[in-house]
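Structure file coords_38.txt; described as compact mmCIF, C-alpha atoms.
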# COMPACT_ATOMS: atom_id res chain seq x y z
CA MET C 1 0.76 -22.22 12.53
CA LEU C 2 -0.25 -22.10 8.90
CA ASP C 3 -3.23 -23.88 7.42
CA GLN C 4 -2.47 -27.08 5.51
CA SER C 5 -3.54 -25.37 2.27
CA PHE C 6 -0.39 -23.20 2.46
CA TYR C 7 1.78 -26.32 2.37
CA GLN C 8 -0.25 -27.87 -0.45
CA LYS C 9 0.17 -24.75 -2.58
CA THR C 10 3.89 -24.67 -1.72
CA ASP C 11 4.19 -28.30 -2.81
CA GLU C 12 2.66 -27.34 -6.17
CA ILE C 13 5.13 -24.48 -6.54
CA ILE C 14 8.08 -26.73 -5.63
CA ALA C 15 6.89 -29.36 -8.12
CA HIS C 16 6.75 -26.70 -10.84
CA TYR C 17 10.40 -25.69 -10.34
CA GLY C 18 11.84 -28.98 -9.11
CA LYS C 19 13.46 -29.99 -5.84
CA LYS C 20 16.84 -28.37 -6.43
CA ALA C 21 18.78 -25.57 -4.75
CA SER C 22 18.68 -23.39 -7.86
CA SER C 23 14.87 -23.24 -7.53
CA LEU C 24 15.00 -21.41 -4.19
CA ILE C 25 14.50 -17.85 -5.46
CA PRO C 26 11.74 -18.59 -7.99
CA ILE C 27 9.92 -20.68 -5.36
CA MET C 28 10.16 -17.84 -2.83
CA GLN C 29 8.94 -15.36 -5.46
CA ASP C 30 5.90 -17.49 -6.27
CA ILE C 31 5.06 -18.01 -2.59
CA GLN C 32 5.26 -14.28 -1.98
CA GLY C 33 3.21 -13.66 -5.12
CA GLU C 34 0.54 -15.99 -3.78
CA TYR C 35 0.36 -14.67 -0.20
CA ARG C 36 1.84 -11.13 -0.54
CA TYR C 37 4.58 -12.12 1.92
CA LEU C 38 6.93 -15.00 2.64
CA PRO C 39 5.79 -16.91 5.73
CA GLY C 40 8.82 -18.06 7.72
CA GLU C 41 7.28 -21.50 8.25
CA LEU C 42 7.08 -21.98 4.48
CA LEU C 43 10.66 -20.84 3.95
CA THR C 44 11.82 -23.45 6.47
CA TYR C 45 9.65 -26.05 4.73
CA VAL C 46 10.99 -25.13 1.27
CA ALA C 47 14.59 -25.32 2.47
CA LYS C 48 14.01 -28.84 3.80
CA GLU C 49 12.15 -29.96 0.67
CA ILE C 50 14.78 -28.73 -1.81
CA GLY C 51 17.82 -29.71 0.26
CA VAL C 52 19.06 -26.26 1.23
CA LYS C 53 20.17 -25.33 4.73
CA GLU C 54 17.58 -23.20 6.50
CA ALA C 55 20.23 -20.54 7.23
CA LYS C 56 21.02 -20.31 3.51
CA ALA C 57 17.34 -19.85 2.62
CA TYR C 58 16.96 -17.11 5.23
CA SER C 59 20.17 -15.38 4.10
CA VAL C 60 18.84 -15.26 0.53
CA ALA C 61 15.42 -14.02 1.66
CA THR C 62 16.90 -11.27 3.83
CA PHE C 63 19.48 -10.22 1.22
CA TYR C 64 16.85 -9.26 -1.35
CA GLU C 65 14.79 -6.27 -0.28
CA ASN C 66 11.82 -7.50 -2.32
CA PHE C 67 11.09 -10.37 0.08
CA SER C 68 8.97 -9.62 3.13
CA PHE C 69 8.30 -11.74 6.21
CA GLU C 70 5.47 -9.39 7.19
CA PRO C 71 2.00 -9.79 5.67
CA LYS C 72 1.14 -7.03 3.22
CA GLY C 73 -2.16 -5.46 2.36
CA LYS C 74 -4.24 -6.16 -0.71
CA TYR C 75 -2.92 -2.90 -2.19
CA VAL C 76 0.82 -2.32 -1.84
CA ILE C 77 1.54 1.35 -2.46
CA LYS C 78 5.18 2.19 -3.12
CA VAL C 79 6.02 5.87 -3.00
CA CYS C 80 9.23 6.80 -4.81
CA ASP C 81 11.66 8.94 -2.85
CA GLY C 82 14.44 8.96 -5.43
CA THR C 83 16.07 12.27 -6.31
CA ALA C 84 13.62 13.33 -9.03
CA CYS C 85 10.55 12.37 -7.00
CA HIS C 86 11.93 13.86 -3.80
CA VAL C 87 12.71 17.18 -5.50
CA ARG C 88 9.19 17.20 -6.95
CA LYS C 89 7.69 16.73 -3.48
CA SER C 90 7.08 13.02 -2.91
CA ALA C 91 7.42 13.46 0.89
CA PRO C 92 4.06 15.28 1.27
CA ILE C 93 2.42 12.44 -0.70
CA LEU C 94 3.81 9.89 1.74
CA GLU C 95 2.74 12.03 4.71
CA ALA C 96 -0.81 12.34 3.33
CA LEU C 97 -1.05 8.57 2.82
CA PHE C 98 0.28 7.85 6.31
CA LYS C 99 -2.21 10.28 7.86
CA GLU C 100 -5.19 9.03 5.83
CA LEU C 101 -4.45 5.37 6.52
CA GLY C 102 -3.23 5.71 10.11
CA LEU C 103 0.22 4.44 9.22
CA SER C 104 3.78 5.54 10.02
CA GLN C 105 7.42 4.70 9.34
CA LYS C 106 7.00 1.86 11.86
CA LYS C 107 3.53 0.64 10.87
CA HIS C 108 3.23 -0.02 7.14
CA THR C 109 0.01 -2.05 6.85
CA THR C 110 -3.53 -1.13 7.82
CA ASP C 111 -5.29 -3.31 10.40
CA ASP C 112 -7.87 -4.39 7.81
CA MET C 113 -5.00 -5.65 5.57
CA LEU C 114 -6.23 -3.48 2.70
CA PHE C 115 -3.21 -1.16 2.34
CA THR C 116 0.55 -1.34 2.77
CA VAL C 117 2.57 1.83 2.19
CA GLU C 118 6.31 1.67 1.55
CA THR C 119 8.96 4.02 0.26
CA VAL C 120 11.39 2.96 -2.43
CA SER C 121 14.61 4.53 -3.68
CA CYS C 122 13.60 4.54 -7.33
CA LEU C 123 10.78 3.31 -9.53
CA GLY C 124 12.61 4.09 -12.76
CA ALA C 125 10.04 6.64 -13.87
CA CYS C 126 11.94 9.86 -13.11
CA GLY C 127 10.37 11.77 -16.00
CA LEU C 128 6.95 11.14 -14.47
CA ALA C 129 7.90 12.30 -10.97
CA PRO C 130 6.57 12.24 -8.38
CA THR C 131 5.50 8.67 -8.90
CA LEU C 132 3.95 5.88 -6.90
CA THR C 133 2.85 2.37 -7.76
CA VAL C 134 -0.09 0.32 -6.56
CA ASN C 135 0.66 -3.38 -6.97
CA ASN C 136 3.28 -2.45 -9.60
CA GLU C 137 0.89 -0.25 -11.63
CA VAL C 138 2.53 3.14 -12.14
CA HIS C 139 0.69 6.32 -11.16
CA PRO C 140 2.63 9.35 -12.48
CA THR C 141 2.73 13.03 -11.52
CA MET C 142 1.09 12.46 -8.16
CA SER C 143 0.15 15.01 -5.52
CA PRO C 144 -1.14 14.45 -2.00
CA GLU C 145 -4.68 15.15 -3.25
CA LYS C 146 -4.39 12.70 -6.16
CA ALA C 147 -2.95 10.05 -3.83
CA LEU C 148 -5.92 10.41 -1.47
CA GLU C 149 -8.35 10.19 -4.40
CA LEU C 150 -6.59 6.98 -5.46
CA VAL C 151 -6.97 5.54 -1.95
CA ALA C 152 -10.68 6.38 -2.01
CA GLU C 153 -11.05 4.61 -5.39
CA LEU C 154 -9.19 1.56 -4.09
CA ARG C 155 -11.33 1.47 -0.97
CA GLY C 156 -14.41 1.42 -3.18
CA ALA C 157 -12.95 -1.37 -5.32
CA GLY C 158 -11.78 -3.32 -2.29
CA VAL C 159 -15.23 -3.67 -0.77
Kindly present the structure from the file in structure tokens form.
Amino acid sequence: MLDQSFYQKTDEIIAHYGKKASSLIPIMQDIQGEYRYLPGELLTYVAKEIGVKEAKAYSVATFYENFSFEPKGKYVIKVCDGTACHVRKSAPILEALFKELGLSQKKHTTDDMLFTVETVSCLGACGLAPTLTVNNEVHPTMSPEKALELVAELRGAGV
């Protein structure tokens, strides 16, 4: 059960966009921007408030890969595994991050909620491969060593 403050913030977001079906996606984006994930309870609440069937809201949320029902860490690291990045050895970067953070293909977020590591098909920065982003900030020409240095810097900043 979510704290009442979640619903109050959601009410503010709904008021900003208006109680109409066409506001569903921007409302979901703002909620996820606020909490780093889309709590199912809030999606149900939003659907009711804007007059959309709950099934429709969930079908939209699950259609778009960007929406997540799982809480994400303070730092979301996306490692590109598109062709250019893969050829330039993005897989060892991902392996190094998983090992350092105790994560895997099945566990994406650290227990302390500081890091989430995901792979993406393309970041649109092929000339800078291999590339990763941290909260949408691009980090080009990465290596496993540089990725681990970045994690150490973020750990220092996160404390």
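Nearest residue to C:Lys78, choosing from C:His139, C:Lys48, C:Lys107, C:Lys20 and counting all atoms listed in the file: C:His139.
Shortest atom-to-atom contact with C:Ala129 among C:Lys56, C:Lys74, C:Lys89, C:His16: C:Lys89, counting only C-alpha atoms.
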Residue neighbourhood C:Asp112, 12 Å, only C-alpha atoms, exclusion window fewer than 6 positions, as a VMD selection string: chain C and resid 71 to 75 101 to 102 155 158 to 159
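Take the candidates C:Thr109, C:Asn66, C:Ser104, C:Thr83 and check each one against C:Gly33 using all atoms listed in the file; the shortest distance goes to C:Asn66.
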Using only C-alpha atoms: which of C:Phe6, C:Tyr45, C:Tyr35, C:Tyr64 has the shortest distance to C:Lys19: C:Tyr45
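In this model, the gap between atom CA of C:Phe69 and atom CA of C:Asp81 comes to 22.8 Å.
The space separating atom CA of C:Asp11 from atom CA of C:Phe63 comes to 24.0 Å.
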For atom CA of C:Thr44 and atom CA of C:Glu118, the interatomic separation in Å (one decimal): 26.2 Å
Which of C:Asp3, C:Glu95, C:Asp111, C:Glu49 sits closest to C:Val79 [using only C-alpha atoms]: C:Glu95
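Between C:Asn135 and the candidates C:Ser90, C:Gln105, C:Thr10, C:Thr116, the tightest atom-to-atom separation, counting all atoms listed in the file, involves C:Thr116.
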Considering all atoms listed in the file, tabulate each residue of stretch 60-97 of chain C that lies at most 12 Å from stretch 149-153 of chain C along with its nearest interatomic pair and the corresponding distance in Å to one decimal; arrange the rows by chain and ascending residue number and present them as JSON lines.
{"residue": "C:Tyr75", "atom": "CA", "partner": "C:Val151", "partner_atom": "CA", "distance": 9.4}
{"residue": "C:Val76", "atom": "CA", "partner": "C:Val151", "partner_atom": "CA", "distance": 11.1}
{"residue": "C:Ile77", "atom": "CA", "partner": "C:Val151", "partner_atom": "CA", "distance": 9.5}
{"residue": "C:Ile93", "atom": "CA", "partner": "C:Leu150", "partner_atom": "CA", "distance": 11.6}
{"residue": "C:Ala96", "atom": "CA", "partner": "C:Val151", "partner_atom": "CA", "distance": 10.6}
{"residue": "C:Leu97", "atom": "CA", "partner": "C:Val151", "partner_atom": "CA", "distance": 8.2}
Selected residues, C-alpha atoms, written as a PDB file, in the coordinates of the input, please.
ATOM      1  CA  TYR C  75      -2.920  -2.900  -2.190  1.00  0.00           C
ATOM      2  CA  VAL C  76       0.820  -2.320  -1.840  1.00  0.00           C
ATOM      3  CA  ILE C  77       1.540   1.350  -2.460  1.00  0.00           C
ATOM      4  CA  ILE C  93       2.420  12.440  -0.700  1.00  0.00           C
ATOM      5  CA  ALA C  96      -0.810  12.340   3.330  1.00  0.00           C
ATOM      6  CA  LEU C  97      -1.050   8.570   2.820  1.00  0.00           C
TER       7      LEU C  97
END
Within-6 Å shell of (3.4, 11.9, -3.2) in input frame, only C-alpha atoms, as a PyMOL selection string: chain C and resi 90-94+142-144
